[in-house]
Amino acid sequence: MYSVRRWSVRHAGGLETFYGAFERVFVALDPVWKWLGYDRVEKPVAVLEKVVKGFLFDCQMCGQCALSSTGMSCSMNCPKNLRNGPCGGVRANGNCEVKPDMRCVWVEAFEGSERMREGKRAIRIVQIAVDRRLQGKSSWLKVARDKSQSQALEKA
Ligand code: SF4
């Protein structure tokens, strides 16, 4: 929902703190995900993620979430799906050239990033091209799997 999406950007700092704690718990649960089977939990977790993030961010379930680097403004709501900043068509009032009634998601992203502890650094991170094979998959589980694997490698 558009108004909720904009609320999330206005509260990007609080959401950053909440997500940090949530992510630590989710990654710590890696042994549980492994025991249950990552593939087996994929569908129910993806459904839950879609409901929660769909409500808060109009999440499009790209499967490779960049919200922490985009001021809690989902860049997949850009009609051009731009992942690394706005196109040249932002209107003088900050709205999108394709959807004139919508604020440019990247104008929102810069505003949201100003409210986050790590936002100003994170928004400068270049995002890799979207991997469409991950569409519809859970970003939460991807983060849990990727981070627990790299933590295990660091310990080895
Ligand atoms: S970046 Fe991807 S996973 Fe994150 S909110 Fe947007 S569509 Fe959803």
# chains A, B, ... in the order shown; residues from 1 in each chain; ligands from 1
call {"tool": "residues_near_ligand", "arguments": {"ligand": "ligand 1", "cutoff": "8 Å", "atoms": "only C-alpha atoms and all ligand atoms", "output": "MDAnalysis selection string"}}
result
chainID A and resid 50 53:54 57:67 72:77 138:139
call {"tool": "select_by_dssp", "arguments": {"residues": "chain A", "states": "alpha helix (DSSP H)", "output": "MDAnalysis selection string"}}
result
chainID A and resid 2:10 12:28 30:36 38:57 105:114 119:122 139:155
call {"tool": "atom_distance", "arguments": {"atom1": "CA of Trp106 in chain A", "atom2": "CA of Thr17 in chain A"}}
result
21.3 Å
call {"tool": "atom_distance", "arguments": {"atom1": "CA of Gly14 in chain A", "atom2": "CA of Val27 in chain A"}}
result
20.1 Å
call {"tool": "residues_around", "arguments": {"residues": "Val4 in chain A", "least_positions_apart": "4", "cutoff": "8 Å", "atoms": "only C-alpha atoms", "output": "list in words"}}
result
Ser8, Phe55, Leu56 and Phe57 of chain A
call {"tool": "closest_residue", "arguments": {"among": "A:Ser113, A:Asn93, A:Gln151, A:Gln127", "to": "Ala12 in chain A", "atoms": "only C-alpha atoms"}}
result
A:Ser113
call {"tool": "closest_residue", "arguments": {"among": "A:Leu36, A:Val9, A:Ala144, A:Met1", "to": "Ala109 in chain A", "atoms": "only C-alpha atoms"}}
result
A:Val9
call {"tool": "residues_around", "arguments": {"residues": "Asp101 in chain A", "least_positions_apart": "6", "cutoff": "12 Å", "atoms": "only C-alpha atoms", "output": "PyMOL selection string"}}
result
chain A and resi 2+90-91+93-95
call {"tool": "residues_around", "arguments": {"residues": "Val25 in chain A", "least_positions_apart": "5", "cutoff": "12 Å", "atoms": "only C-alpha atoms", "output": "VMD selection string"}}
result
chain A and resid 18 to 20 30 to 33 140 to 141 143 to 144 147 to 148
call {"tool": "write_last_selection", "arguments": {"atoms": "N, CA and C atoms", "output": "PDB file, in the first residue's frame"}}
result
ATOM      1  N   PHE A  18      15.200  -2.673  13.869  1.00  0.00           N
ATOM      2  CA  PHE A  18      14.386  -3.875  14.008  1.00  0.00           C
ATOM      3  C   PHE A  18      14.912  -4.982  13.086  1.00  0.00           C
ATOM      4  N   TYR A  19      15.211  -4.619  11.828  1.00  0.00           N
ATOM      5  CA  TYR A  19      15.657  -5.640  10.884  1.00  0.00           C
ATOM      6  C   TYR A  19      17.000  -6.249  11.306  1.00  0.00           C
ATOM      7  N   GLY A  20      17.879  -5.395  11.875  1.00  0.00           N
ATOM      8  CA  GLY A  20      19.176  -5.895  12.340  1.00  0.00           C
ATOM      9  C   GLY A  20      18.991  -7.021  13.348  1.00  0.00           C
ATOM     10  N   ASP A  30      19.895 -20.904  11.532  1.00  0.00           N
ATOM     11  CA  ASP A  30      20.370 -21.722  10.405  1.00  0.00           C
ATOM     12  C   ASP A  30      20.320 -23.234  10.692  1.00  0.00           C
ATOM     13  N   PRO A  31      20.768 -23.689  11.888  1.00  0.00           N
ATOM     14  CA  PRO A  31      20.682 -25.141  12.136  1.00  0.00           C
ATOM     15  C   PRO A  31      19.243 -25.662  12.051  1.00  0.00           C
ATOM     16  N   VAL A  32      18.289 -24.831  12.476  1.00  0.00           N
ATOM     17  CA  VAL A  32      16.873 -25.239  12.396  1.00  0.00           C
ATOM     18  C   VAL A  32      16.433 -25.318  10.933  1.00  0.00           C
ATOM     19  N   TRP A  33      16.812 -24.295  10.135  1.00  0.00           N
ATOM     20  CA  TRP A  33      16.431 -24.317   8.710  1.00  0.00           C
ATOM     21  C   TRP A  33      17.044 -25.534   8.022  1.00  0.00           C
ATOM     22  N   TRP A 140      14.859 -13.574   3.046  1.00  0.00           N
ATOM     23  CA  TRP A 140      15.245 -13.865   4.434  1.00  0.00           C
ATOM     24  C   TRP A 140      16.056 -15.165   4.487  1.00  0.00           C
ATOM     25  N   LEU A 141      15.546 -16.212   3.817  1.00  0.00           N
ATOM     26  CA  LEU A 141      16.266 -17.483   3.839  1.00  0.00           C
ATOM     27  C   LEU A 141      17.590 -17.380   3.093  1.00  0.00           C
ATOM     28  N   VAL A 143      19.515 -14.755   2.945  1.00  0.00           N
ATOM     29  CA  VAL A 143      20.452 -14.089   3.859  1.00  0.00           C
ATOM     30  C   VAL A 143      20.925 -15.084   4.923  1.00  0.00           C
ATOM     31  N   ALA A 144      19.991 -15.859   5.485  1.00  0.00           N
ATOM     32  CA  ALA A 144      20.360 -16.835   6.526  1.00  0.00           C
ATOM     33  C   ALA A 144      21.373 -17.841   5.975  1.00  0.00           C
ATOM     34  N   LYS A 147      24.818 -15.876   4.960  1.00  0.00           N
ATOM     35  CA  LYS A 147      25.597 -15.383   6.111  1.00  0.00           C
ATOM     36  C   LYS A 147      26.121 -16.526   6.957  1.00  0.00           C
ATOM     37  N   SER A 148      25.321 -17.566   7.164  1.00  0.00           N
ATOM     38  CA  SER A 148      25.815 -18.670   7.990  1.00  0.00           C
ATOM     39  C   SER A 148      26.945 -19.406   7.265  1.00  0.00           C
TER      40      SER A 148
END
call {"tool": "closest_residue", "arguments": {"among": "A:Lys137, A:Tyr38, A:Ser68, A:Ile123", "to": "Glu23 in chain A", "atoms": "only C-alpha atoms"}}
result
A:Ser68
call {"tool": "decode", "arguments": {"residues": "range 40-61 of chain A", "atoms": "N, CA, C and O atoms", "output": "PDB file, in the first residue's frame"}}
result
ATOM      1  N   ARG A  40      12.355 -27.175   1.930  1.00  0.00           N
ATOM      2  CA  ARG A  40      11.020 -27.457   2.452  1.00  0.00           C
ATOM      3  C   ARG A  40      10.376 -26.196   3.066  1.00  0.00           C
ATOM      4  O   ARG A  40       9.178 -26.004   2.978  1.00  0.00           O
ATOM      5  N   VAL A  41      11.198 -25.356   3.713  1.00  0.00           N
ATOM      6  CA  VAL A  41      10.615 -24.164   4.360  1.00  0.00           C
ATOM      7  C   VAL A  41      10.496 -22.979   3.402  1.00  0.00           C
ATOM      8  O   VAL A  41       9.893 -21.972   3.740  1.00  0.00           O
ATOM      9  N   GLU A  42      11.075 -23.140   2.198  1.00  0.00           N
ATOM     10  CA  GLU A  42      11.086 -22.011   1.248  1.00  0.00           C
ATOM     11  C   GLU A  42       9.681 -21.436   0.995  1.00  0.00           C
ATOM     12  O   GLU A  42       9.465 -20.233   1.123  1.00  0.00           O
ATOM     13  N   LYS A  43       8.748 -22.304   0.685  1.00  0.00           N
ATOM     14  CA  LYS A  43       7.420 -21.807   0.305  1.00  0.00           C
ATOM     15  C   LYS A  43       6.700 -21.094   1.452  1.00  0.00           C
ATOM     16  O   LYS A  43       6.269 -19.941   1.284  1.00  0.00           O
ATOM     17  N   PRO A  44       6.566 -21.728   2.638  1.00  0.00           N
ATOM     18  CA  PRO A  44       5.859 -21.005   3.705  1.00  0.00           C
ATOM     19  C   PRO A  44       6.549 -19.725   4.137  1.00  0.00           C
ATOM     20  O   PRO A  44       5.884 -18.717   4.422  1.00  0.00           O
ATOM     21  N   VAL A  45       7.895 -19.738   4.183  1.00  0.00           N
ATOM     22  CA  VAL A  45       8.599 -18.515   4.591  1.00  0.00           C
ATOM     23  C   VAL A  45       8.409 -17.426   3.528  1.00  0.00           C
ATOM     24  O   VAL A  45       8.197 -16.251   3.853  1.00  0.00           O
ATOM     25  N   ALA A  46       8.450 -17.823   2.253  1.00  0.00           N
ATOM     26  CA  ALA A  46       8.259 -16.839   1.171  1.00  0.00           C
ATOM     27  C   ALA A  46       6.855 -16.232   1.245  1.00  0.00           C
ATOM     28  O   ALA A  46       6.681 -15.028   1.020  1.00  0.00           O
ATOM     29  N   VAL A  47       5.864 -17.040   1.584  1.00  0.00           N
ATOM     30  CA  VAL A  47       4.488 -16.526   1.713  1.00  0.00           C
ATOM     31  C   VAL A  47       4.420 -15.498   2.841  1.00  0.00           C
ATOM     32  O   VAL A  47       3.866 -14.402   2.694  1.00  0.00           O
ATOM     33  N   LEU A  48       5.035 -15.848   3.986  1.00  0.00           N
ATOM     34  CA  LEU A  48       5.044 -14.932   5.131  1.00  0.00           C
ATOM     35  C   LEU A  48       5.783 -13.632   4.779  1.00  0.00           C
ATOM     36  O   LEU A  48       5.317 -12.526   5.079  1.00  0.00           O
ATOM     37  N   GLU A  49       6.923 -13.785   4.119  1.00  0.00           N
ATOM     38  CA  GLU A  49       7.723 -12.607   3.735  1.00  0.00           C
ATOM     39  C   GLU A  49       6.925 -11.705   2.793  1.00  0.00           C
ATOM     40  O   GLU A  49       6.944 -10.484   2.917  1.00  0.00           O
ATOM     41  N   LYS A  50       6.225 -12.329   1.871  1.00  0.00           N
ATOM     42  CA  LYS A  50       5.430 -11.563   0.912  1.00  0.00           C
ATOM     43  C   LYS A  50       4.345 -10.757   1.616  1.00  0.00           C
ATOM     44  O   LYS A  50       4.095  -9.596   1.283  1.00  0.00           O
ATOM     45  N   VAL A  51       3.696 -11.380   2.595  1.00  0.00           N
ATOM     46  CA  VAL A  51       2.624 -10.688   3.329  1.00  0.00           C
ATOM     47  C   VAL A  51       3.192  -9.502   4.118  1.00  0.00           C
ATOM     48  O   VAL A  51       2.708  -8.373   4.009  1.00  0.00           O
ATOM     49  N   VAL A  52       4.265  -9.773   4.881  1.00  0.00           N
ATOM     50  CA  VAL A  52       4.830  -8.732   5.755  1.00  0.00           C
ATOM     51  C   VAL A  52       5.442  -7.605   4.924  1.00  0.00           C
ATOM     52  O   VAL A  52       5.121  -6.421   5.100  1.00  0.00           O
ATOM     53  N   LYS A  53       6.315  -7.969   3.981  1.00  0.00           N
ATOM     54  CA  LYS A  53       7.021  -6.937   3.215  1.00  0.00           C
ATOM     55  C   LYS A  53       6.142  -6.330   2.125  1.00  0.00           C
ATOM     56  O   LYS A  53       6.355  -5.195   1.709  1.00  0.00           O
ATOM     57  N   GLY A  54       5.158  -7.094   1.689  1.00  0.00           N
ATOM     58  CA  GLY A  54       4.196  -6.517   0.736  1.00  0.00           C
ATOM     59  C   GLY A  54       3.436  -5.381   1.394  1.00  0.00           C
ATOM     60  O   GLY A  54       3.218  -4.327   0.808  1.00  0.00           O
ATOM     61  N   PHE A  55       3.060  -5.600   2.655  1.00  0.00           N
ATOM     62  CA  PHE A  55       2.327  -4.566   3.396  1.00  0.00           C
ATOM     63  C   PHE A  55       3.214  -3.356   3.674  1.00  0.00           C
ATOM     64  O   PHE A  55       2.805  -2.212   3.454  1.00  0.00           O
ATOM     65  N   LEU A  56       4.426  -3.616   4.161  1.00  0.00           N
ATOM     66  CA  LEU A  56       5.293  -2.513   4.599  1.00  0.00           C
ATOM     67  C   LEU A  56       5.987  -1.772   3.453  1.00  0.00           C
ATOM     68  O   LEU A  56       6.233  -0.564   3.545  1.00  0.00           O
ATOM     69  N   PHE A  57       6.347  -2.511   2.388  1.00  0.00           N
ATOM     70  CA  PHE A  57       7.218  -1.908   1.367  1.00  0.00           C
ATOM     71  C   PHE A  57       6.700  -2.057  -0.063  1.00  0.00           C
ATOM     72  O   PHE A  57       7.401  -1.676  -0.999  1.00  0.00           O
ATOM     73  N   ASP A  58       5.521  -2.640  -0.241  1.00  0.00           N
ATOM     74  CA  ASP A  58       5.076  -3.018  -1.588  1.00  0.00           C
ATOM     75  C   ASP A  58       6.115  -3.925  -2.254  1.00  0.00           C
ATOM     76  O   ASP A  58       6.431  -3.781  -3.449  1.00  0.00           O
ATOM     77  N   CYS A  59       6.661  -4.818  -1.451  1.00  0.00           N
ATOM     78  CA  CYS A  59       7.713  -5.743  -1.916  1.00  0.00           C
ATOM     79  C   CYS A  59       7.241  -6.528  -3.139  1.00  0.00           C
ATOM     80  O   CYS A  59       6.122  -7.023  -3.180  1.00  0.00           O
ATOM     81  N   GLN A  60       8.124  -6.665  -4.124  1.00  0.00           N
ATOM     82  CA  GLN A  60       7.812  -7.405  -5.345  1.00  0.00           C
ATOM     83  C   GLN A  60       8.461  -8.789  -5.355  1.00  0.00           C
ATOM     84  O   GLN A  60       8.500  -9.447  -6.398  1.00  0.00           O
ATOM     85  N   MET A  61       9.016  -9.191  -4.190  1.00  0.00           N
ATOM     86  CA  MET A  61       9.623 -10.523  -4.028  1.00  0.00           C
ATOM     87  C   MET A  61      10.692 -10.821  -5.093  1.00  0.00           C
ATOM     88  O   MET A  61      10.647 -11.849  -5.770  1.00  0.00           O
TER      89      MET A  61
END
